[in-house]
>>> print(open('model-v6.cif').read())   # mmCIF, C-alpha atoms
data_coords
loop_
_atom_site.label_atom_id
_atom_site.label_comp_id
_atom_site.auth_asym_id
_atom_site.auth_seq_id
_atom_site.Cartn_x
_atom_site.Cartn_y
_atom_site.Cartn_z
CA MET Q 1 -27.48 24.20 -47.66
CA LEU Q 2 -30.01 21.63 -46.47
CA GLU Q 3 -32.72 24.28 -46.16
CA SER Q 4 -32.20 25.44 -49.72
CA CYS Q 5 -32.51 21.85 -51.00
CA TYR Q 6 -35.76 21.42 -49.06
CA ILE Q 7 -37.16 24.70 -50.39
CA LEU Q 8 -36.16 23.89 -53.97
CA GLY Q 9 -37.88 20.49 -53.73
CA ALA Q 10 -40.96 22.07 -52.17
CA VAL Q 11 -41.23 24.70 -54.91
CA ALA Q 12 -40.82 22.08 -57.64
CA THR Q 13 -43.41 19.82 -56.03
CA PHE Q 14 -45.83 22.72 -55.63
CA ALA Q 15 -45.43 23.77 -59.26
CA ILE Q 16 -46.04 20.25 -60.57
CA SER Q 17 -48.95 19.64 -58.19
CA LEU Q 18 -50.52 23.01 -58.97
CA SER Q 19 -50.38 22.47 -62.72
CA THR Q 20 -51.92 19.01 -62.32
CA PHE Q 21 -54.59 20.40 -59.97
CA LEU Q 22 -55.51 23.20 -62.37
CA ARG Q 23 -55.80 20.80 -65.34
CA ASP Q 24 -58.08 18.43 -63.39
CA GLN Q 25 -61.67 19.07 -64.48
CA SER Q 26 -63.26 16.95 -61.74
CA THR Q 27 -62.04 19.05 -58.80
CA PRO Q 28 -63.66 22.41 -58.01
CA LYS Q 29 -61.01 25.14 -57.84
CA ASN Q 30 -62.76 26.99 -55.00
CA HIS Q 31 -62.87 23.99 -52.65
CA GLY Q 32 -60.78 24.84 -49.58
CA LEU Q 33 -59.90 21.25 -48.74
CA SER Q 34 -58.36 20.75 -52.19
CA TRP Q 35 -56.03 23.70 -51.62
CA LEU Q 36 -55.18 22.43 -48.15
CA ILE Q 37 -54.17 19.04 -49.55
CA LEU Q 38 -52.05 20.81 -52.17
CA LEU Q 39 -50.25 22.76 -49.44
CA GLU Q 40 -49.77 19.65 -47.31
CA ALA Q 41 -48.30 17.79 -50.28
CA THR Q 42 -45.88 20.68 -50.74
CA PHE Q 43 -44.89 20.74 -47.09
CA PHE Q 44 -44.40 16.97 -46.88
CA TRP Q 45 -42.86 16.58 -50.34
CA PRO Q 46 -40.08 14.18 -49.23
CA ILE Q 47 -42.81 11.67 -48.34
CA VAL Q 48 -45.38 12.50 -51.02
CA LEU Q 49 -43.12 12.74 -54.07
CA PRO Q 50 -41.84 9.14 -54.11
CA PHE Q 51 -45.37 7.79 -53.77
CA ALA Q 52 -46.64 10.07 -56.55
CA CYS Q 53 -43.85 8.91 -58.85
CA LEU Q 54 -44.54 5.27 -58.03
CA GLU Q 55 -48.23 5.72 -58.74
CA ARG Q 56 -47.49 7.26 -62.13
CA LEU Q 57 -45.11 4.46 -63.01
CA LEU Q 58 -47.62 1.76 -62.11
CA SER Q 59 -50.56 3.28 -64.01
#
>>> encode(input="model-v6.cif", output="structure tokens")
Amino acid sequence: MLESCYILGAVATFAISLSTFLRDQSTPKNHGLSWLILLEATFFWPIVLPFACLERLLS
């Protein structure tokens, strides 16, 4: 049960991050480090997601 919750959160975080990444015109889409950061954000979503939400609320 816990694994399925983690995977569901990771997939949702990846989908949101990927759509934001693809809409961003300032980041090259073939830059390997950008994709690595996207994968790290997906893997560590329990840490990254609250900070991303806080940043959106404050801006």
>>> residues_around(input="model-v6.cif", residues="segment 7-13 of chain Q", least_positions_apart="2", cutoff="12 Å", atoms="all atoms listed in the file", output="list in words")
Met1, Leu2, Glu3, Ser4, Cys5, Ala15, Ile16, Ser17, Leu18, Ser19, Thr20, Phe21, Leu38, Leu39, Glu40, Ala41, Thr42, Phe43, Phe44, Trp45, Pro46, Ile47, Val48, Leu49, Pro50, Ala52 and Cys53 of chain Q
>>> atom_distance(input="model-v6.cif", atom1="atom CA of Phe14 of chain Q", atom2="atom CA of Ser34 of chain Q")
13.1 Å
>>> atom_distance(input="model-v6.cif", atom1="atom CA of Ile37 of chain Q", atom2="atom CA of Glu55 of chain Q")
17.2 Å
>>> axis_aligned_box(input="model-v6.cif", around="segment 54-57 of chain Q", padding_each_side="6 Å", output="JSON")
{"center_x": -46.4, "center_y": 5.9, "center_z": -60.5, "size_x": 15.7, "size_y": 14.8, "size_z": 17.0}
